[in-house]
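Trainee: Handing over final-v1.pdb, PDB, C-alpha atoms and all ligand atoms.
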```
MODEL        1
ATOM      1  CA  MET A  41      77.642  93.931 113.517
ATOM      2  CA  ALA A  42      78.655  95.462 110.198
ATOM      3  CA  PRO A  43      82.403  96.165 110.025
ATOM      4  CA  THR A  44      81.827  99.927 109.824
ATOM      5  CA  GLU A  45      80.053  99.914 113.179
ATOM      6  CA  ARG A  46      82.813  98.122 115.025
ATOM      7  CA  PHE A  47      84.639 101.137 116.344
ATOM      8  CA  THR A  48      85.114 104.848 116.095
ATOM      9  CA  ALA A  49      87.944 105.157 113.589
ATOM     10  CA  ARG A  50      90.926 107.304 114.560
ATOM     11  CA  PHE A  51      92.543 106.870 111.154
ATOM     12  CA  THR A  52      91.554 105.901 107.656
ATOM     13  CA  THR A  53      93.847 103.572 105.780
ATOM     14  CA  ARG A  54      93.427 101.574 102.590
ATOM     15  CA  PHE A  55      94.324  98.429 100.747
ATOM     16  CA  ALA A  56      94.754  99.472  97.127
ATOM     17  CA  PRO A  57      95.430  96.640  94.683
ATOM     18  CA  ALA A  58      95.766  97.196  90.942
ATOM     19  CA  PRO A  59      93.647  94.575  89.137
ATOM     20  CA  THR A  60      96.416  93.690  86.691
ATOM     21  CA  GLY A  61      96.713  90.122  87.954
ATOM     22  CA  TYR A  62      95.668  87.744  90.716
ATOM     23  CA  LEU A  63      96.345  88.138  94.415
ATOM     24  CA  HIS A  64      99.675  86.678  95.573
ATOM     25  CA  LEU A  65     101.458  86.342  98.900
ATOM     26  CA  GLY A  66     102.992  89.817  98.570
ATOM     27  CA  HIS A  67      99.493  91.329  98.485
ATOM     28  CA  VAL A  68      98.425  89.144 101.369
ATOM     29  CA  ALA A  69     101.363  90.368 103.467
ATOM     30  CA  ASN A  70     100.370  93.953 102.700
ATOM     31  CA  ALA A  71      96.749  93.217 103.559
ATOM     32  CA  ILE A  72      97.854  91.735 106.891
ATOM     33  CA  ALA A  73      99.827  94.906 107.696
ATOM     34  CA  VAL A  74      96.894  97.118 106.664
ATOM     35  CA  TRP A  75      94.328  95.181 108.695
ATOM     36  CA  ASP A  76      96.782  95.078 111.639
ATOM     37  CA  ALA A  77      96.452  98.858 111.616
ATOM     38  CA  ARG A  78      92.701  98.414 111.788
ATOM     39  CA  ASP A  79      93.057  96.422 114.971
ATOM     40  CA  THR A  80      95.910  98.220 116.721
ATOM     41  CA  ALA A  81      95.422 101.816 115.585
ATOM     42  CA  ALA A  82      91.638 101.770 115.153
ATOM     43  CA  ALA A  83      91.919 102.534 111.470
ATOM     44  CA  ARG A  84      89.002 102.256 109.074
ATOM     45  CA  VAL A  85      90.146 100.212 106.057
ATOM     46  CA  LEU A  86      89.013 101.166 102.571
ATOM     47  CA  LEU A  87      89.415  98.766  99.706
ATOM     48  CA  ARG A  88      90.338 100.879  96.690
ATOM     49  CA  ILE A  89      90.549  99.397  93.233
ATOM     50  CA  GLU A  90      93.487 101.063  91.467
ATOM     51  CA  ASP A  91      92.409 100.474  87.886
ATOM     52  CA  HIS A  92      93.729 103.741  86.472
ATOM     53  CA  ASP A  93      95.690 101.957  83.732
ATOM     54  CA  ARG A  94      93.006 101.001  81.230
ATOM     55  CA  THR A  95      95.410  98.953  79.149
ATOM     56  CA  ARG A  96      96.448  96.527  81.916
ATOM     57  CA  CYS A  97      93.462  96.189  84.255
ATOM     58  CA  ARG A  98      90.716  93.606  83.800
ATOM     59  CA  PRO A  99      87.350  93.272  85.562
ATOM     60  CA  GLU A 100      87.944  89.535  86.074
ATOM     61  CA  TYR A 101      91.077  90.290  88.099
ATOM     62  CA  GLU A 102      89.115  92.712  90.262
ATOM     63  CA  ALA A 103      86.437  90.094  90.881
ATOM     64  CA  ALA A 104      89.070  87.470  91.710
ATOM     65  CA  ILE A 105      90.936  89.795  94.083
ATOM     66  CA  ARG A 106      87.735  90.660  95.944
ATOM     67  CA  GLU A 107      86.749  87.033  96.171
ATOM     68  CA  ASP A 108      90.179  85.956  97.461
ATOM     69  CA  LEU A 109      90.231  88.779 100.030
ATOM     70  CA  ALA A 110      86.833  87.699 101.333
ATOM     71  CA  TRP A 111      88.008  84.068 101.450
ATOM     72  CA  LEU A 112      90.990  85.171 103.554
ATOM     73  CA  GLY A 113      88.687  87.096 105.902
ATOM     74  CA  PHE A 114      89.724  90.657 104.983
ATOM     75  CA  ARG A 115      86.607  92.807 105.140
ATOM     76  CA  PRO A 116      86.803  96.460 104.088
ATOM     77  CA  ASP A 117      84.798  99.230 105.731
ATOM     78  CA  GLY A 118      82.315 101.144 103.611
ATOM     79  CA  GLU A 119      82.188 101.703  99.872
ATOM     80  CA  VAL A 120      84.806 100.354  97.457
ATOM     81  CA  PRO A 121      86.015 103.268  95.318
ATOM     82  CA  ARG A 122      87.306 102.475  91.834
ATOM     83  CA  GLN A 123      89.708 104.782  90.019
ATOM     84  CA  SER A 124      88.079 104.195  86.640
ATOM     85  CA  ASP A 125      84.941 105.897  88.045
ATOM     86  CA  ARG A 126      86.884 109.024  88.968
ATOM     87  CA  ARG A 127      88.156 110.278  85.659
ATOM     88  CA  ALA A 128      86.114 113.489  85.749
ATOM     89  CA  ARG A 129      87.591 114.333  89.129
ATOM     90  CA  TYR A 130      91.156 113.698  87.880
ATOM     91  CA  GLU A 131      90.487 115.918  84.852
ATOM     92  CA  ALA A 132      89.248 118.702  87.122
ATOM     93  CA  VAL A 133      92.276 118.489  89.433
ATOM     94  CA  LEU A 134      94.643 118.471  86.459
ATOM     95  CA  GLY A 135      92.810 121.518  85.065
ATOM     96  CA  GLN A 136      93.391 123.379  88.348
ATOM     97  CA  LEU A 137      97.101 122.550  88.302
ATOM     98  CA  GLU A 138      97.424 123.695  84.683
ATOM     99  CA  ALA A 139      95.621 126.940  85.427
ATOM    100  CA  ARG A 140      98.166 127.606  88.197
ATOM    101  CA  GLY A 141     101.147 126.800  85.934
ATOM    102  CA  LEU A 142     101.923 123.631  87.886
ATOM    103  CA  ALA A 143     101.326 121.191  85.033
ATOM    104  CA  TYR A 144     102.278 121.291  81.367
ATOM    105  CA  PRO A 145     101.967 119.244  78.154
ATOM    106  CA  CYS A 146     104.924 117.062  77.219
ATOM    107  CA  LEU A 147     105.801 115.553  73.845
ATOM    108  CA  CYS A 148     108.814 113.523  74.968
ATOM    109  CA  SER A 149     108.865 109.789  74.377
ATOM    110  CA  ARG A 150     110.802 107.400  76.586
ATOM    111  CA  LYS A 151     113.394 107.275  73.817
ATOM    112  CA  ASP A 152     113.802 111.074  73.877
ATOM    113  CA  ILE A 153     114.222 111.047  77.649
ATOM    114  CA  ALA A 154     116.779 108.244  77.502
ATOM    115  CA  ALA A 155     118.729 110.054  74.761
ATOM    116  CA  GLU A 156     118.761 113.271  76.746
ATOM    117  CA  SER A 157     119.853 111.668  79.988
ATOM    118  CA  GLY A 158     122.403 109.471  78.195
ATOM    119  CA  ASP A 159     120.973 106.355  79.787
ATOM    120  CA  VAL A 160     118.636 103.443  79.129
ATOM    121  CA  PHE A 161     115.097 104.443  80.131
ATOM    122  CA  ASN A 162     113.679 102.789  83.213
ATOM    123  CA  GLU A 163     110.969 103.711  85.689
ATOM    124  CA  GLU A 164     113.360 105.795  87.759
ATOM    125  CA  THR A 165     114.883 107.771  84.896
ATOM    126  CA  ARG A 166     114.705 111.428  85.833
ATOM    127  CA  TYR A 167     112.813 113.688  83.444
ATOM    128  CA  PRO A 168     115.122 116.610  82.608
ATOM    129  CA  GLY A 169     112.273 119.102  82.108
ATOM    130  CA  THR A 170     112.672 119.404  78.321
ATOM    131  CA  CYS A 171     109.082 120.488  77.613
ATOM    132  CA  ARG A 172     108.589 122.678  80.697
ATOM    133  CA  HIS A 173     109.305 125.908  78.857
ATOM    134  CA  ARG A 174     108.667 124.789  75.318
ATOM    135  CA  GLY A 175     105.098 126.050  75.157
ATOM    136  CA  VAL A 176     103.669 122.797  73.768
ATOM    137  CA  ALA A 177     100.017 123.266  72.758
ATOM    138  CA  GLY A 178      97.562 121.493  75.035
ATOM    139  CA  ASP A 179      95.852 119.668  72.184
ATOM    140  CA  ALA A 180      99.142 118.333  70.770
ATOM    141  CA  THR A 181      99.178 115.470  73.297
ATOM    142  CA  PRO A 182      97.248 114.174  76.306
ATOM    143  CA  ALA A 183     100.533 113.882  78.267
ATOM    144  CA  ARG A 184     100.896 116.248  81.208
ATOM    145  CA  ARG A 185     103.693 116.611  83.760
ATOM    146  CA  PHE A 186     103.705 118.055  87.249
ATOM    147  CA  VAL A 187     106.257 120.797  87.970
ATOM    148  CA  ILE A 188     108.739 119.701  90.639
ATOM    149  CA  GLU A 189     111.054 122.374  92.043
ATOM    150  CA  PRO A 190     114.234 121.454  93.958
ATOM    151  CA  GLY A 191     113.776 120.807  97.667
ATOM    152  CA  THR A 192     113.752 118.053 100.228
ATOM    153  CA  GLU A 193     110.674 116.276 101.529
ATOM    154  CA  ARG A 194     111.071 114.902 105.030
ATOM    155  CA  PHE A 195     108.709 112.408 106.623
ATOM    156  CA  ASP A 196     108.832 110.180 109.659
ATOM    157  CA  ASP A 197     108.026 106.686 108.466
ATOM    158  CA  LEU A 198     106.387 104.644 111.206
ATOM    159  CA  TRP A 199     108.494 101.673 110.319
ATOM    160  CA  LEU A 200     111.695 103.070 108.783
ATOM    161  CA  GLY A 201     112.124 106.310 110.723
ATOM    162  CA  VAL A 202     112.893 109.732 109.271
ATOM    163  CA  GLN A 203     113.306 109.761 105.483
ATOM    164  CA  GLU A 204     114.525 112.548 103.230
ATOM    165  CA  GLN A 205     113.891 112.626  99.506
ATOM    166  CA  ASP A 206     114.402 115.266  96.846
ATOM    167  CA  PRO A 207     111.979 114.443  94.018
ATOM    168  CA  SER A 208     113.647 116.968  91.694
ATOM    169  CA  ARG A 209     116.743 114.758  91.785
ATOM    170  CA  GLN A 210     114.899 111.442  91.780
ATOM    171  CA  CYS A 211     112.292 111.801  89.050
ATOM    172  CA  GLY A 212     111.983 115.473  88.069
ATOM    173  CA  ASP A 213     108.634 116.623  86.659
ATOM    174  CA  PHE A 214     106.597 113.436  86.739
ATOM    175  CA  LEU A 215     103.700 112.357  84.547
ATOM    176  CA  ILE A 216     100.158 113.095  85.659
ATOM    177  CA  ARG A 217      98.640 111.723  82.466
ATOM    178  CA  ASP A 218     100.536 109.742  79.869
ATOM    179  CA  ARG A 219     100.522 110.056  76.083
ATOM    180  CA  ASN A 220      97.752 107.415  75.857
ATOM    181  CA  GLY A 221      95.507 109.507  78.091
ATOM    182  CA  ASN A 222      95.903 107.325  81.193
ATOM    183  CA  PHE A 223      96.185 109.094  84.508
ATOM    184  CA  THR A 224      99.202 107.764  86.361
ATOM    185  CA  TYR A 225      99.526 105.884  89.630
ATOM    186  CA  GLN A 226     101.478 108.784  91.233
ATOM    187  CA  PHE A 227      98.681 111.227  90.515
ATOM    188  CA  CYS A 228      95.612 109.106  91.218
ATOM    189  CA  VAL A 229      96.951 107.796  94.509
ATOM    190  CA  VAL A 230      97.455 111.336  95.851
ATOM    191  CA  VAL A 231      94.064 112.668  94.694
ATOM    192  CA  ASP A 232      92.299 109.594  96.078
ATOM    193  CA  ASP A 233      94.060 109.604  99.442
ATOM    194  CA  MET A 234      93.130 113.258  99.827
ATOM    195  CA  ASP A 235      89.502 112.915  98.692
ATOM    196  CA  GLN A 236      88.908 109.732 100.668
ATOM    197  CA  GLY A 237      90.383 111.105 103.889
ATOM    198  CA  VAL A 238      93.196 108.537 103.975
ATOM    199  CA  ASP A 239      95.615 109.652 106.672
ATOM    200  CA  LEU A 240      97.543 106.425 107.249
ATOM    201  CA  VAL A 241      99.250 104.699 104.320
ATOM    202  CA  VAL A 242     100.567 101.194 104.952
ATOM    203  CA  ARG A 243     102.360  99.751 101.957
ATOM    204  CA  GLY A 244     105.406  97.869 100.780
ATOM    205  CA  ALA A 245     108.865  99.418 100.712
ATOM    206  CA  ASP A 246     108.925  98.936  96.933
ATOM    207  CA  VAL A 247     107.122 102.274  96.623
ATOM    208  CA  LEU A 248     109.133 104.102  99.289
ATOM    209  CA  ALA A 249     110.918 106.235  96.658
ATOM    210  CA  SER A 250     107.531 107.600  95.521
ATOM    211  CA  THR A 251     106.530 109.041  98.864
ATOM    212  CA  GLY A 252     108.395 112.361  98.671
ATOM    213  CA  ARG A 253     106.904 113.203  95.289
ATOM    214  CA  GLN A 254     103.436 112.225  96.492
ATOM    215  CA  ILE A 255     103.781 114.488  99.523
ATOM    216  CA  ARG A 256     104.892 117.299  97.206
ATOM    217  CA  LEU A 257     101.860 116.853  94.965
ATOM    218  CA  SER A 258      99.446 116.588  97.868
ATOM    219  CA  ARG A 259     100.721 119.898  99.232
ATOM    220  CA  ALA A 260     100.252 121.532  95.810
ATOM    221  CA  LEU A 261      96.662 120.290  95.929
ATOM    222  CA  GLY A 262      96.123 122.081  99.223
ATOM    223  CA  ARG A 263      96.668 119.224 101.650
ATOM    224  CA  GLU A 264      98.716 120.743 104.466
ATOM    225  CA  THR A 265      99.214 117.579 106.496
ATOM    226  CA  PRO A 266     100.158 114.548 104.432
ATOM    227  CA  PRO A 267      99.174 111.057 105.565
ATOM    228  CA  ARG A 268     101.414 109.138 107.983
ATOM    229  CA  PHE A 269     103.358 106.471 106.121
ATOM    230  CA  ALA A 270     104.469 103.003 107.132
ATOM    231  CA  HIS A 271     106.472 101.097 104.524
ATOM    232  CA  HIS A 272     106.935  97.495 105.455
ATOM    233  CA  ALA A 273     109.635  95.184 104.152
ATOM    234  CA  LEU A 274     108.610  93.033 101.226
ATOM    235  CA  ILE A 275     108.212  89.396 101.944
ATOM    236  CA  VAL A 276     110.801  87.061 100.499
ATOM    237  CA  LYS A 277     110.953  83.358  99.825
ATOM    238  CA  PRO A 278     112.744  81.099 102.301
ATOM    239  CA  GLY A 279     116.404  81.722 101.525
ATOM    240  CA  GLY A 280     115.823  85.402 100.808
ATOM    241  CA  ALA A 281     114.935  85.345  97.089
ATOM    242  CA  LYS A 282     112.483  87.953  95.800
ATOM    243  CA  LEU A 283     108.900  86.858  95.372
ATOM    244  CA  SER A 284     107.733  87.134  91.814
ATOM    245  CA  LYS A 285     104.195  87.300  90.454
ATOM    246  CA  SER A 286     105.017  84.466  88.091
ATOM    247  CA  ASP A 287     105.919  82.047  90.896
ATOM    248  CA  GLY A 288     103.105  79.531  90.739
ATOM    249  CA  ASP A 289     103.483  78.732  94.423
ATOM    250  CA  THR A 290     102.742  82.259  95.602
ATOM    251  CA  GLY A 291      99.376  82.874  93.958
ATOM    252  CA  VAL A 292      96.394  82.692  96.316
ATOM    253  CA  ARG A 293      94.364  80.938  93.589
ATOM    254  CA  GLU A 294      97.051  78.275  93.155
ATOM    255  CA  LEU A 295      97.414  77.755  96.898
ATOM    256  CA  ARG A 296      93.639  77.410  97.226
ATOM    257  CA  ALA A 297      93.485  74.941  94.351
ATOM    258  CA  ALA A 298      96.244  72.911  96.013
ATOM    259  CA  GLY A 299      94.042  72.572  99.105
ATOM    260  CA  ALA A 300      95.430  75.319 101.377
ATOM    261  CA  ALA A 301      93.051  76.776 103.977
ATOM    262  CA  PRO A 302      92.874  80.558 104.528
ATOM    263  CA  ASP A 303      94.899  80.229 107.739
ATOM    264  CA  ASP A 304      97.702  78.412 105.882
ATOM    265  CA  VAL A 305      97.939  81.219 103.342
ATOM    266  CA  LEU A 306      97.822  83.902 106.044
ATOM    267  CA  ALA A 307     100.517  82.103 108.047
ATOM    268  CA  ARG A 308     102.799  81.877 105.014
ATOM    269  CA  ALA A 309     102.421  85.572 104.260
ATOM    270  CA  ARG A 310     102.813  86.603 107.898
ATOM    271  CA  ALA A 311     105.943  84.490 108.318
ATOM    272  CA  GLY A 312     107.744  86.633 105.745
ATOM    273  CA  LEU A 313     106.415  89.967 106.993
ATOM    274  CA  HIS A 314     107.801  92.500 109.420
ATOM    275  CA  SER A 315     104.703  94.446 110.249
ATOM    276  CA  PRO A 316     104.959  98.041 111.446
ATOM    277  CA  ASP A 317     104.170  98.760 115.080
ATOM    278  CA  PHE A 318     101.031 100.905 115.137
ATOM    279  CA  THR A 319     100.746 101.002 118.911
ATOM    280  CA  THR A 320     102.876 104.173 118.950
ATOM    281  CA  LEU A 321     100.267 106.117 116.996
TER     282      LEU A 321
HETATM  283  N1  LIG B   1      98.153 100.162  93.612
HETATM  284  C1  LIG B   1      99.441 100.280  94.228
HETATM  285  C2  LIG B   1     100.114  98.932  94.220
HETATM  286  O1  LIG B   1      99.426  97.931  94.060
HETATM  287  C3  LIG B   1      99.279 100.796  95.655
HETATM  288  C4  LIG B   1     100.534 101.340  96.187
HETATM  289  C5  LIG B   1     100.241 102.417  97.218
HETATM  290  O2  LIG B   1      99.672 102.098  98.247
HETATM  291  O3  LIG B   1     100.573 103.547  97.018
HETATM  292  O4  LIG B   1     101.322  98.850  94.329
ENDMDL
END
```
Represent the structure contained in this file as structure tokens.

Mentor:
Amino acid sequence: MAPTERFTARFTTRFAPAPTGYLHLGHVANAIAVWDARDTAAARVLLRIEDHDRTRCRPEYEAAIREDLAWLGFRPDGEVPRQSDRRARYEAVLGQLEARGLAYPCLCSRKDIAAESGDVFNEETRYPGTCRHRGVAGDATPARRFVIEPGTERFDDLWLGVQEQDPSRQCGDFLIRDRNGNFTYQFCVVVDDMDQGVDLVVRGADVLASTGRQIRLSRALGRETPPRFAHHALIVKPGGAKLSKSDGDTGVRELRAAGAAPDDVLARARAGLHSPDFTTL
């Protein structure tokens, strides 16, 4: 039987790798948690290729990821959407937000933002809203930010319990499209989850801080009920050290080349994983 015919799905979830490198044990742990939801919560699993960043993604990584997933026995249900095919849709959604005054052009560089906030720029540096009322002309830059007003987002994480986040304090107006014309992860993930009917998001706790801002954006796009979220702990090496992409011993390709069978790789990833309990859904 084809995977899509196996059951009547109650939820739709997704495994959404960015093809910026090869599959490693961290991805495998996430895939295990996602496909666990397929079995215990009757969730349909989409494989979504998150290749929004044209500068870092490569088709050979996508091919390798898909091949490794198949080797491990992870079979997605239905079509495999690819973000690079959806640019027209992202442009249209951005256009709607701009027309409603919810997005604006921004000329600030990372250096400007760091100078203004008196800090070294990193991914979590809050944007102070410098260009929000500056009236920057739309054709001066491709960069666009989403307007974030103060307020708390509350969600009941299936794994971590009730979470409260105020995106206006965490990140401020975040980028929808950067100065190189790339749509951002934060934007694409929300538009895709909405368009693809994803109502259960199972992912690593490394992106937990993004959830409040994603809920905020999805509501602005007209999605009243956001997906349910389950953020699982990231797997660590024996001894507790963080797993890094550069560790040769954690790449699925390397493990395969060293003679590991799919079950060995799955067992290693599962050993480090605390998977959410989907039976309560
Ligand atoms: N492409 C993202 C990643 O690989 C997916 C995260 C998410 O599920 O939101 O981290």

Trainee: Pull out every residue that the PyMOL selection byres (((chain A and resi 157-165) around 12) and not hetatm) matches in the shown coordinates and put them as a short mmCIF file (atom, residue, chain, number, x, y, z; two decimals) with C-alpha atoms, in the coordinates of the input.

Mentor:
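To be explicit, this is the file written out as expr-v2.cif:
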```cif
data_model
loop_
_atom_site.label_atom_id
_atom_site.label_comp_id
_atom_site.auth_asym_id
_atom_site.auth_seq_id
_atom_site.Cartn_x
_atom_site.Cartn_y
_atom_site.Cartn_z
CA SER A 149 108.86 109.79 74.38
CA ARG A 150 110.80 107.40 76.59
CA LYS A 151 113.39 107.28 73.82
CA ASP A 152 113.80 111.07 73.88
CA ILE A 153 114.22 111.05 77.65
CA ALA A 154 116.78 108.24 77.50
CA ALA A 155 118.73 110.05 74.76
CA GLU A 156 118.76 113.27 76.75
CA ARG A 166 114.70 111.43 85.83
CA TYR A 167 112.81 113.69 83.44
CA PRO A 168 115.12 116.61 82.61
CA GLY A 169 112.27 119.10 82.11
CA THR A 170 112.67 119.40 78.32
CA PRO A 207 111.98 114.44 94.02
CA SER A 208 113.65 116.97 91.69
CA ARG A 209 116.74 114.76 91.78
CA GLN A 210 114.90 111.44 91.78
CA CYS A 211 112.29 111.80 89.05
CA GLY A 212 111.98 115.47 88.07
CA ASP A 213 108.63 116.62 86.66
CA PHE A 214 106.60 113.44 86.74
CA LEU A 215 103.70 112.36 84.55
CA VAL A 247 107.12 102.27 96.62
CA ALA A 249 110.92 106.24 96.66
CA SER A 250 107.53 107.60 95.52
#
```

Trainee: Which of these, A:Thr60, A:Gln203, A:Asn70, A:Gln123, has the shortest distance to Leu306 (chain A) once you count all atoms listed in the file?

Mentor: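 The closest residue to Leu306 (chain A) is A:Asn70.
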
Trainee: Evaluate the PyMOL selection byres (((chain A and resi 201) around 12) and not hetatm) here and jot the selected residues down as a ChimeraX atom specification.

Mentor: /A:194-200,202-204,268-272,316-317

Trainee: Give the residues close to ligand LIG 1 (chain B), within 7 Å, counting all atoms listed in the file; write them as number ranges by chain.

Mentor: A: 55-58, 90, 229, 241-243, 247

Trainee: Determine, counting all atoms listed in the file, which protein, DNA and RNA residues have an atom within 6 Å of an atom of region 251-263 of chain A; residues of the same chain fewer than 5 positions away are not included. Present the result as a PyMOL selection string.

Mentor: chain A and resi 193+205+207+230

Trainee: Smallest atom-to-atom distance to Arg174 (chain A): which of A:Ala77, A:Leu87, A:Leu147, A:Val276, using all atoms listed in the file?

Mentor: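 Of the candidates, the smallest distance to Arg174 (chain A) is held by A:Leu147.
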
Trainee: Considering all atoms listed in the file, can you say which of A:Arg122, A:Arg185, A:His173, A:Arg98 comes closest to Tyr62 (chain A)?

Mentor: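 Smallest separation from Tyr62 (chain A) among the options: A:Arg98.
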
Trainee: By how many Å are CA of Ala309 (chain A) and CA of Leu65 (chain A) apart?

Mentor: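 According to the coordinates, CA of Ala309 (chain A) and CA of Leu65 (chain A) are separated by 5.5 Å.
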
Trainee: Since the input lacks atoms, please generate N, CA and C atoms for region 248-272 of chain A and provide them as a tab-separated table (two decimals), in the coordinates of the input.

Mentor:
```tsv
chain	number	residue	atom	x	y	z
A	248	LEU	N	108.59	103.08	98.39
A	248	LEU	CA	109.13	104.10	99.29
A	248	LEU	C	109.65	105.33	98.53
A	249	ALA	N	110.32	105.11	97.40
A	249	ALA	CA	110.92	106.24	96.66
A	249	ALA	C	109.86	107.19	96.11
A	250	SER	N	108.60	106.75	96.05
A	250	SER	CA	107.53	107.60	95.52
A	250	SER	C	106.96	108.56	96.56
A	251	THR	N	107.26	108.33	97.81
A	251	THR	CA	106.53	109.04	98.86
A	251	THR	C	106.81	110.54	98.86
A	252	GLY	N	108.06	110.93	98.68
A	252	GLY	CA	108.40	112.36	98.67
A	252	GLY	C	107.64	113.10	97.58
A	253	ARG	N	107.58	112.52	96.40
A	253	ARG	CA	106.90	113.20	95.29
A	253	ARG	C	105.40	113.24	95.52
A	254	GLN	N	104.87	112.23	96.19
A	254	GLN	CA	103.44	112.22	96.49
A	254	GLN	C	103.09	113.28	97.55
A	255	ILE	N	104.00	113.44	98.51
A	255	ILE	CA	103.78	114.49	99.52
A	255	ILE	C	103.82	115.86	98.85
A	256	ARG	N	104.77	116.02	97.92
A	256	ARG	CA	104.89	117.30	97.21
A	256	ARG	C	103.61	117.62	96.44
A	257	LEU	N	103.09	116.64	95.73
A	257	LEU	CA	101.86	116.85	94.96
A	257	LEU	C	100.68	117.12	95.90
A	258	SER	N	100.61	116.39	96.99
A	258	SER	CA	99.45	116.59	97.87
A	258	SER	C	99.46	118.00	98.44
A	259	ARG	N	100.65	118.53	98.73
A	259	ARG	CA	100.72	119.90	99.23
A	259	ARG	C	100.27	120.88	98.15
A	260	ALA	N	100.67	120.65	96.92
A	260	ALA	CA	100.25	121.53	95.81
A	260	ALA	C	98.74	121.51	95.65
A	261	LEU	N	98.12	120.39	96.05
A	261	LEU	CA	96.66	120.29	95.93
A	261	LEU	C	95.95	120.85	97.16
A	262	GLY	N	96.73	121.41	98.07
A	262	GLY	CA	96.12	122.08	99.22
A	262	GLY	C	96.05	121.23	100.47
A	263	ARG	N	96.69	120.07	100.45
A	263	ARG	CA	96.67	119.22	101.65
A	263	ARG	C	97.88	119.59	102.52
A	264	GLU	N	97.62	120.25	103.62
A	264	GLU	CA	98.72	120.74	104.47
A	264	GLU	C	99.43	119.60	105.18
A	265	THR	N	98.62	118.68	105.74
A	265	THR	CA	99.21	117.58	106.50
A	265	THR	C	99.11	116.30	105.67
A	266	PRO	N	100.23	115.78	105.22
A	266	PRO	CA	100.16	114.55	104.43
A	266	PRO	C	99.79	113.37	105.33
A	267	PRO	N	99.44	112.23	104.73
A	267	PRO	CA	99.17	111.06	105.56
A	267	PRO	C	100.43	110.63	106.32
A	268	ARG	N	100.26	109.83	107.38
A	268	ARG	CA	101.41	109.14	107.98
A	268	ARG	C	101.71	107.94	107.09
A	269	PHE	N	102.97	107.60	106.97
A	269	PHE	CA	103.36	106.47	106.12
A	269	PHE	C	104.04	105.38	106.93
A	270	ALA	N	103.76	104.15	106.58
A	270	ALA	CA	104.47	103.00	107.13
A	270	ALA	C	104.79	102.09	105.95
A	271	HIS	N	106.06	101.97	105.63
A	271	HIS	CA	106.47	101.10	104.52
A	271	HIS	C	107.07	99.84	105.12
A	272	HIS	N	106.41	98.74	104.87
A	272	HIS	CA	106.94	97.50	105.46
A	272	HIS	C	107.83	96.77	104.46
```
